[in-house]
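A.B. asks: Hey, dropping final_23.txt in here, compact mmCIF, C-alpha atoms and all ligand atoms:
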```txt
# COMPACT_ATOMS: atom_id res chain seq x y z
CA MET A 1 -94.78 42.95 117.88
CA SER A 2 -94.44 45.89 120.28
CA SER A 3 -96.99 48.71 120.13
CA SER A 4 -94.38 50.93 118.36
CA GLU A 5 -94.34 48.38 115.50
CA TYR A 6 -98.12 48.23 115.02
CA PRO A 7 -99.43 48.94 111.49
CA ASP A 8 -100.22 52.63 110.82
CA TYR A 9 -103.97 52.32 111.41
CA VAL A 10 -103.71 50.64 114.85
CA PRO A 11 -102.88 53.77 116.92
CA ARG A 12 -105.77 55.60 115.24
CA ASN A 13 -108.18 52.83 116.13
CA VAL A 14 -106.78 52.44 119.65
CA GLU A 15 -107.40 56.16 120.20
CA ALA A 16 -111.00 55.73 118.99
CA TRP A 17 -111.54 52.72 121.27
CA THR A 18 -110.01 54.52 124.25
CA LYS A 19 -112.59 57.27 123.72
CA ALA A 20 -115.41 54.74 123.18
CA ASN A 21 -114.38 53.03 126.41
CA ALA A 22 -114.77 56.27 128.36
CA GLU A 23 -118.07 57.10 126.62
CA HIS A 24 -119.99 53.83 126.46
CA THR A 25 -118.27 50.43 126.28
CA GLY A 26 -117.43 50.58 129.99
CA ALA A 27 -121.11 50.90 130.95
CA ARG A 28 -122.22 48.26 128.42
CA ALA A 29 -119.59 45.86 129.79
CA ARG A 30 -121.24 45.51 133.20
CA ALA A 31 -124.66 44.66 131.74
CA ALA A 32 -123.13 42.15 129.32
CA TRP A 33 -120.96 40.50 131.98
CA ALA A 34 -124.04 40.23 134.25
CA SER A 35 -126.07 38.48 131.55
CA ASP A 36 -125.92 34.72 131.02
CA GLU A 37 -127.37 34.74 127.52
CA ILE A 38 -125.00 34.77 124.54
CA THR A 39 -126.10 37.32 121.95
CA TRP A 40 -124.39 38.47 118.77
CA GLY A 41 -123.87 41.97 117.45
CA ILE A 42 -125.65 45.27 117.50
CA PHE A 43 -129.14 43.76 117.33
CA GLN A 44 -128.29 41.17 120.00
CA THR A 45 -129.29 38.09 118.04
CA PRO A 46 -129.42 35.17 120.51
CA GLU A 47 -126.87 32.42 119.91
CA SER A 48 -129.75 29.99 120.50
CA GLU A 49 -131.28 31.27 117.20
CA VAL A 50 -128.17 30.95 115.04
CA ASP A 51 -126.35 28.08 116.78
CA VAL A 52 -122.90 28.80 115.37
CA LEU A 53 -120.87 28.00 118.50
CA GLY A 54 -122.20 24.61 119.58
CA ASP A 55 -120.94 23.07 122.82
CA VAL A 56 -117.81 24.95 123.94
CA THR A 57 -117.17 22.92 127.11
CA GLY A 58 -113.46 22.25 127.55
CA LEU A 59 -112.41 24.21 124.44
CA ASP A 60 -109.33 26.42 124.37
CA VAL A 61 -110.62 29.66 122.90
CA VAL A 62 -108.90 32.83 121.73
CA GLU A 63 -110.93 36.03 121.24
CA LEU A 64 -109.24 38.33 118.76
CA GLY A 65 -110.19 41.90 119.66
CA CYS A 66 -111.98 41.08 122.91
CA GLY A 67 -112.70 44.66 124.02
CA THR A 68 -114.24 44.43 127.47
CA ALA A 69 -114.24 40.62 127.11
CA TYR A 70 -117.90 39.99 127.85
CA PHE A 71 -118.08 37.41 125.06
CA SER A 72 -115.13 35.49 126.51
CA ALA A 73 -116.88 35.71 129.89
CA TRP A 74 -120.01 34.11 128.39
CA LEU A 75 -117.89 31.26 126.96
CA SER A 76 -116.02 30.84 130.24
CA LYS A 77 -119.37 30.43 132.05
CA ARG A 78 -120.11 27.61 129.58
CA GLY A 79 -116.94 25.71 130.44
CA ALA A 80 -114.51 27.06 127.80
CA ARG A 81 -110.98 28.29 128.58
CA PRO A 82 -110.81 31.70 126.87
CA VAL A 83 -107.90 34.05 126.33
CA GLY A 84 -108.78 37.62 125.32
CA VAL A 85 -106.48 39.65 123.05
CA ASP A 86 -106.91 43.39 122.40
CA PRO A 87 -104.59 46.33 121.63
CA THR A 88 -106.52 49.00 123.62
CA PRO A 89 -105.28 49.20 127.24
CA ALA A 90 -108.45 51.01 128.39
CA GLN A 91 -110.66 48.19 127.09
CA LEU A 92 -108.49 45.59 128.81
CA ALA A 93 -108.56 47.62 132.04
CA THR A 94 -112.39 47.49 132.00
CA ALA A 95 -112.23 43.76 131.27
CA ARG A 96 -109.97 43.29 134.33
CA GLU A 97 -112.33 45.33 136.51
CA MET A 98 -115.22 43.12 135.35
CA GLN A 99 -113.21 39.98 136.09
CA LYS A 100 -112.74 41.15 139.69
CA GLU A 101 -116.36 42.27 140.05
CA PHE A 102 -117.81 39.01 138.68
CA GLY A 103 -115.14 36.66 140.10
CA LEU A 104 -114.32 35.18 136.69
CA GLU A 105 -110.64 35.16 135.74
CA PHE A 106 -109.05 34.27 132.39
CA PRO A 107 -105.93 35.60 130.65
CA LEU A 108 -106.09 38.99 128.90
CA VAL A 109 -103.25 39.84 126.54
CA GLU A 110 -102.41 43.21 124.98
CA GLY A 111 -101.83 42.71 121.26
CA VAL A 112 -103.26 42.98 117.75
CA GLY A 113 -105.07 40.31 115.75
CA GLU A 114 -102.40 40.62 113.05
CA ASP A 115 -99.61 39.35 115.34
CA VAL A 116 -100.78 37.56 118.47
CA PRO A 117 -98.19 36.80 121.18
CA LEU A 118 -99.49 33.26 121.75
CA PRO A 119 -98.17 29.87 120.56
CA ASP A 120 -99.02 27.94 117.37
CA ALA A 121 -101.82 25.35 117.42
CA ALA A 122 -102.90 26.15 120.97
CA PHE A 123 -106.65 26.73 120.41
CA ASP A 124 -109.79 24.85 119.32
CA LEU A 125 -111.82 27.99 118.61
CA ALA A 126 -110.73 31.45 117.45
CA PHE A 127 -113.46 34.04 117.32
CA SER A 128 -114.17 37.70 116.97
CA GLU A 129 -117.33 39.72 117.37
CA TYR A 130 -116.50 43.02 115.63
CA GLY A 131 -112.92 42.86 116.94
CA ALA A 132 -110.14 41.76 114.57
CA ALA A 133 -113.01 40.83 112.24
CA ILE A 134 -113.37 44.48 111.23
CA TRP A 135 -110.43 46.37 112.79
CA ALA A 136 -107.52 44.20 111.65
CA ASP A 137 -106.17 43.67 108.13
CA PRO A 138 -107.84 40.43 106.98
CA TYR A 139 -104.75 39.43 104.97
CA ARG A 140 -102.87 39.34 108.29
CA TRP A 141 -105.37 38.34 110.98
CA ILE A 142 -106.97 35.39 109.16
CA PRO A 143 -103.61 33.60 108.54
CA GLU A 144 -102.76 34.46 112.17
CA ALA A 145 -105.99 32.78 113.35
CA ALA A 146 -105.03 29.72 111.29
CA ARG A 147 -101.62 29.64 113.02
CA LEU A 148 -103.23 29.75 116.46
CA LEU A 149 -105.72 26.94 115.76
CA ARG A 150 -105.24 23.21 116.01
CA PRO A 151 -106.19 21.09 112.97
CA GLN A 152 -110.03 20.92 112.77
CA GLY A 153 -110.23 24.01 114.99
CA ARG A 154 -112.93 26.53 114.14
CA LEU A 155 -112.84 30.20 113.26
CA VAL A 156 -116.11 32.04 113.99
CA PHE A 157 -116.49 35.76 113.40
CA MET A 158 -119.14 38.44 113.15
CA ARG A 159 -118.77 41.58 111.08
CA ASN A 160 -120.88 44.17 109.30
CA SER A 161 -122.29 42.77 106.08
CA THR A 162 -120.61 43.85 102.87
CA LEU A 163 -124.01 45.22 101.91
CA VAL A 164 -124.28 47.65 104.83
CA VAL A 165 -120.76 48.95 104.19
CA LEU A 166 -121.60 49.60 100.53
CA PHE A 167 -124.64 51.62 101.64
CA GLN A 168 -122.96 53.46 104.55
CA ARG A 169 -122.49 57.21 104.09
CA ASP A 170 -119.06 58.73 104.82
CA ALA A 171 -120.80 61.39 106.92
CA GLY A 172 -122.68 58.78 109.01
CA GLY A 173 -125.84 56.72 108.67
CA THR A 174 -126.82 54.12 106.10
CA ASP A 175 -128.55 55.09 102.86
CA GLU A 176 -130.83 53.12 100.53
CA ARG A 177 -128.49 53.92 97.63
CA LEU A 178 -125.03 52.55 97.02
CA GLN A 179 -122.35 54.86 98.41
CA ARG A 180 -119.12 53.21 97.21
CA PRO A 181 -117.89 50.65 94.69
CA GLN A 182 -117.45 47.03 95.76
CA ARG A 183 -114.51 46.58 93.41
CA GLY A 184 -111.30 47.07 95.40
CA LEU A 185 -113.15 47.24 98.74
CA ASN A 186 -110.97 46.38 101.76
CA ARG A 187 -109.49 49.24 103.82
CA ILE A 188 -112.01 51.97 104.62
CA GLU A 189 -110.91 55.30 106.09
CA TRP A 190 -113.85 56.95 107.86
CA ALA A 191 -114.14 60.73 108.21
CA ASP A 192 -113.55 60.51 111.99
CA GLY A 193 -110.11 58.92 111.45
CA GLU A 194 -111.02 55.30 112.21
CA VAL A 195 -109.85 52.61 109.77
CA GLU A 196 -111.97 49.52 109.19
CA PHE A 197 -111.61 46.53 106.87
CA GLN A 198 -114.33 44.91 104.77
CA LEU A 199 -113.39 42.29 102.24
CA PRO A 200 -116.22 41.30 99.86
CA HIS A 201 -117.47 37.71 99.99
CA GLY A 202 -115.54 36.34 96.99
CA GLU A 203 -112.20 37.67 98.19
CA LEU A 204 -112.92 36.59 101.78
CA VAL A 205 -113.73 33.00 100.75
CA ALA A 206 -110.50 32.91 98.67
CA LEU A 207 -108.47 34.26 101.62
CA LEU A 208 -110.00 31.75 104.05
CA ARG A 209 -109.26 28.87 101.69
CA ASP A 210 -105.70 30.09 100.99
CA SER A 211 -105.16 30.33 104.77
CA GLY A 212 -106.09 26.66 105.25
CA PHE A 213 -109.79 26.96 106.12
CA ASP A 214 -112.91 25.39 104.66
CA VAL A 215 -115.93 27.68 104.91
CA GLU A 216 -118.81 25.91 106.68
CA ARG A 217 -121.41 28.63 107.09
CA LEU A 218 -122.23 32.21 106.25
CA VAL A 219 -125.25 33.44 108.23
CA GLU A 220 -126.75 36.74 107.05
CA LEU A 221 -128.61 38.18 110.00
CA TYR A 222 -131.81 40.17 110.29
CA PRO A 223 -132.68 41.69 113.70
CA PRO A 224 -134.87 39.73 116.11
CA ASP A 225 -138.53 40.89 116.18
CA ASP A 226 -138.09 42.87 119.40
CA ALA A 227 -134.80 44.54 118.36
CA GLU A 228 -134.38 48.33 118.37
CA THR A 229 -131.83 50.63 116.78
CA HIS A 230 -128.69 50.51 118.95
CA VAL A 231 -128.12 53.54 121.18
CA PHE A 232 -124.45 53.92 120.11
CA TYR A 233 -124.06 51.83 116.95
CA ASP A 234 -126.86 53.75 115.24
CA PHE A 235 -125.15 54.01 111.82
CA VAL A 236 -127.68 51.40 110.74
CA THR A 237 -131.29 51.55 111.88
CA VAL A 238 -133.39 48.53 112.73
CA GLU A 239 -135.75 49.53 109.88
CA TRP A 240 -132.88 49.29 107.36
CA ALA A 241 -131.67 46.02 108.82
CA ARG A 242 -135.12 44.46 108.50
CA LYS A 243 -134.86 44.92 104.72
CA TRP A 244 -131.22 43.96 104.15
CA PRO A 245 -128.90 41.88 106.35
CA ALA A 246 -126.63 44.34 108.19
CA GLU A 247 -124.57 41.74 110.06
CA GLU A 248 -123.03 38.43 109.08
CA LEU A 249 -121.52 35.47 110.88
CA TRP A 250 -118.84 33.29 109.28
CA VAL A 251 -117.85 29.79 110.38
CA ALA A 252 -114.73 28.15 108.93
CA ARG A 253 -112.79 25.04 109.91
CA LYS A 254 -109.04 24.65 109.71
CA ARG A 255 -108.08 21.71 107.47
C1 LIG A 301 -116.44 46.47 119.10
S1 LIG A 301 -115.04 46.02 120.11
C2 LIG A 301 -115.13 44.25 120.05
C3 LIG A 301 -115.41 43.70 121.39
C4 LIG A 301 -116.83 43.35 121.67
N1 LIG A 301 -117.23 42.14 121.03
C5 LIG A 301 -117.80 44.47 121.32
O1 LIG A 301 -118.56 44.32 120.35
O2 LIG A 301 -117.80 45.48 122.03
C6 LIG A 301 -113.70 46.33 119.03
C7 LIG A 301 -112.34 46.02 119.66
O3 LIG A 301 -111.41 45.77 118.60
C8 LIG A 301 -110.17 46.17 119.08
N2 LIG A 301 -109.20 46.31 117.98
C9 LIG A 301 -108.84 47.42 117.30
N3 LIG A 301 -107.88 47.14 116.42
C10 LIG A 301 -107.60 45.81 116.54
C11 LIG A 301 -106.70 44.93 115.91
N4 LIG A 301 -105.88 45.34 114.95
N5 LIG A 301 -106.68 43.64 116.31
C12 LIG A 301 -107.53 43.19 117.27
N6 LIG A 301 -108.43 44.00 117.89
C13 LIG A 301 -108.46 45.28 117.53
C14 LIG A 301 -110.46 47.48 119.80
O4 LIG A 301 -109.43 47.80 120.71
C15 LIG A 301 -111.79 47.18 120.48
O5 LIG A 301 -111.64 46.82 121.82
```
Produce structure tokens that represent the structure in this file.

C.D. replies:
Amino acid sequence: MSSSEYPDYVPRNVEAWTKANAEHTGARARAAWASDEITWGIFQTPESEVDVLGDVTGLDVVELGCGTAYFSAWLSKRGARPVGVDPTPAQLATAREMQKEFGLEFPLVEGVGEDVPLPDAAFDLAFSEYGAAIWADPYRWIPEAARLLRPQGRLVFMRNSTLVVLFQRDAGGTDERLQRPQRGLNRIEWADGEVEFQLPHGELVALLRDSGFDVERLVELYPPDDAETHVFYDFVTVEWARKWPAEELWVARKR
């Protein structure tokens, strides 16, 4: 799929991520690439606490919505062979700069999670940390992940919890009262023009199963004790997230 054929919401989100790249993801990239510890999400939960990835040595890995590709870099340092996919050229340009700076090369491909220009059954692990997991249409990117994986391959992804999305105000911030119905929840158009996707648990389990996956784990995350509200992703405070899980990790295995 060429960029002119992308679904309607992709150019809007690419514009938002081009701006985010200039404002903050570029700076965050260097710190993340420099670190050796794998952490997940806005509260930086250590992988050692959740243990969803296991040993990745020798695995062919595709990151769907890699952004500045720091997560792929972490997996590469642990012996995996990652390929990063992302539709935002500015994010990929930062990822390439980081590759040069840190002397760690792996393929970076411009594309969307809904239609990845890579072959069938070429990967052992497909994953996304707030990439395709929230920015791509789940009814397209999850079957696409299944296509890319070998039998028994794993799909691991992190997204906002359904709960935090139900409590998130249109104008910004997260309330302690429900802000929207769960029934019919999927595509969310935010006031700033970005489009996100959030399928509730029942529909997501059905979609994963219909796409050929068995769900192995759903980890609802609370922030680590020393976590603070994120400087940029401050739509949810650490105080809120200590009471309700704001982030969730899914692990599914292709049959
Ligand atoms: C939050 S970043 C994810 C990367 C990194 N894990 C992080 O948290 O910074 C979100 C990325 O999703 C990408 N993205 C937007 N729409 C996408 C789509 N349809 N498919 C795959 N990735 C998409 C954006 O370009 C952006 O780089």

A.B. asks: Would you name the residues within 6 Å of ligand LIG 301 (chain A), counting all atoms listed in the file, and put them as a PyMOL selection string?

C.D. replies: chain A and resi 10+13-14+17+64-67+86-88+91+112-113+129-132+135-136

A.B. asks: When you look at Asn160 in chain A with a cut-off of 9 Å (counting all atoms listed in the file), what residues show up, excluding the ones that are within fewer than 5 positions of it in the same chain? I need them as a PDB file with C-alpha atoms, in the frame of the given file.

C.D. replies:
```
ATOM      1  CA  GLY A  41    -123.870  41.970 117.450  1.00  0.00           C
ATOM      2  CA  TYR A 130    -116.500  43.020 115.630  1.00  0.00           C
ATOM      3  CA  ILE A 134    -113.370  44.480 111.230  1.00  0.00           C
ATOM      4  CA  VAL A 165    -120.760  48.950 104.190  1.00  0.00           C
ATOM      5  CA  GLN A 198    -114.330  44.910 104.770  1.00  0.00           C
ATOM      6  CA  PRO A 245    -128.900  41.880 106.350  1.00  0.00           C
ATOM      7  CA  ALA A 246    -126.630  44.340 108.190  1.00  0.00           C
ATOM      8  CA  GLU A 247    -124.570  41.740 110.060  1.00  0.00           C
ATOM      9  CA  GLU A 248    -123.030  38.430 109.080  1.00  0.00           C
ATOM     10  CA  LEU A 249    -121.520  35.470 110.880  1.00  0.00           C
TER      11      LEU A 249
END
```

A.B. asks: Please determine, counting all atoms listed in the file, which residue among A:Phe213, A:Phe167, A:Trp240, A:Tyr233 has the shortest atom-to-atom distance to Leu149 in chain A.

C.D. replies: A:Phe213

A.B. asks: For range 77-83 of chain A, take all atoms listed in the file, fit an axis-aligned box around them, add 6 Å to each of the six sides, then output centre and edge lengths in Å rounded to one decimal, as AutoDock Vina command-line options.

C.D. replies:
```
--center_x -114.0 --center_y 29.9 --center_z 129.2 --size_x 24.2 --size_y 20.3 --size_z 17.7
```

A.B. asks: Between CA of Arg12 in chain A and CA of Leu118 in chain A, what is the distance in Å, rounded to a tenth?

C.D. replies: 24.1 Å

A.B. asks: Determine, counting only C-alpha atoms, which protein, DNA and RNA residues have an atom within 9 Å of an atom of Leu104 in chain A; residues of the same chain fewer than 4 positions away are not included. Present the result as a PyMOL selection string.

C.D. replies: chain A and resi 73+76-77+98-100

A.B. asks: I'd like to know which of A:Val251, A:Leu221, A:Ile188, A:Ala93 is closest to Val205 in chain A, using all atoms listed in the file.

C.D. replies: A:Val251

A.B. asks: Smallest atom-to-atom distance to Trp40 in chain A: which of A:Asp60, A:Arg253, A:Arg96, A:Phe127, using all atoms listed in the file?

C.D. replies: A:Phe127

A.B. asks: Name all residues at most 10 Å from Glu101 in chain A (count only C-alpha atoms; drop same-chain ones fewer than 6 positions away) and give them as a ChimeraX atom specification.

C.D. replies: /A:30,33-34,95

A.B. asks: Could you name the residues that touch Tyr6 in chain A at 10 Å or less, counting only C-alpha atoms, but leaving out those on the same chain fewer than 2 positions away, as a list in words?

C.D. replies: Met1, Ser2, Ser3, Ser4, Asp8, Tyr9, Val10, Pro11, Pro87, Gly111, Val112, Glu114 and Asp115 of chain A

A.B. asks: Could you save the residues just selected, with C-alpha atoms, as an mmCIF file, in the frame of the given file?

C.D. replies:
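part-v7.cif, freshly written:
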```cif
data_model
loop_
_atom_site.group_PDB
_atom_site.id
_atom_site.type_symbol
_atom_site.label_atom_id
_atom_site.label_comp_id
_atom_site.auth_asym_id
_atom_site.auth_seq_id
_atom_site.Cartn_x
_atom_site.Cartn_y
_atom_site.Cartn_z
ATOM 1 C CA MET A 1 -94.780 42.950 117.880
ATOM 2 C CA SER A 2 -94.440 45.890 120.280
ATOM 3 C CA SER A 3 -96.990 48.710 120.130
ATOM 4 C CA SER A 4 -94.380 50.930 118.360
ATOM 5 C CA ASP A 8 -100.220 52.630 110.820
ATOM 6 C CA TYR A 9 -103.970 52.320 111.410
ATOM 7 C CA VAL A 10 -103.710 50.640 114.850
ATOM 8 C CA PRO A 11 -102.880 53.770 116.920
ATOM 9 C CA PRO A 87 -104.590 46.330 121.630
ATOM 10 C CA GLY A 111 -101.830 42.710 121.260
ATOM 11 C CA VAL A 112 -103.260 42.980 117.750
ATOM 12 C CA GLU A 114 -102.400 40.620 113.050
ATOM 13 C CA ASP A 115 -99.610 39.350 115.340
#
```

A.B. asks: Considering only C-alpha atoms, can you say which of A:Arg28, A:Arg217, A:Arg147, A:His230 comes closest to Asp51 in chain A?

C.D. replies: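 Going through A:Arg28, A:Arg217, A:Arg147, A:His230 one by one, the smallest distance to Asp51 in chain A is for A:Arg217.
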
A.B. asks: Do a neighbour search on Pro82 in chain A at 9 Å with all atoms listed in the file, toss out local chain neighbours closer than 2 positions, and write the hits as a list in words.

C.D. replies: Leu59, Asp60, Val61, Val62, Glu63, Ser72, Ala73, Leu75, Ser76, Ala80, Gly84, Phe106, Pro107 and Leu108 of chain A

A.B. asks: Taking into account only C-alpha atoms, which residue in the set A:Gln179, A:Gln152, A:Asn186, A:Ser161 is nearest to Ala241 in chain A?

C.D. replies: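 Smallest separation from Ala241 in chain A among the options: A:Ser161.
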
A.B. asks: For each of A:Leu185, A:Pro138, A:Arg169, A:Trp244, take the minimum atom-to-atom distance to Ala206 in chain A, counting all atoms listed in the file, then give the residue where this is smallest.

C.D. replies: A:Pro138

A.B. asks: Between CA of Glu196 in chain A and CA of Asp226 in chain A, what is the distance, to one decimal in Å?

C.D. replies: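 Taking CA of Glu196 in chain A and CA of Asp226 in chain A, their separation equals 28.8 Å.
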
A.B. asks: Between CA of Val50 in chain A and CA of Val238 in chain A, what distance in Å does the model show, to one decimal?

C.D. replies: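 Computed distance, CA of Val50 in chain A to CA of Val238 in chain A, equals 18.5 Å.
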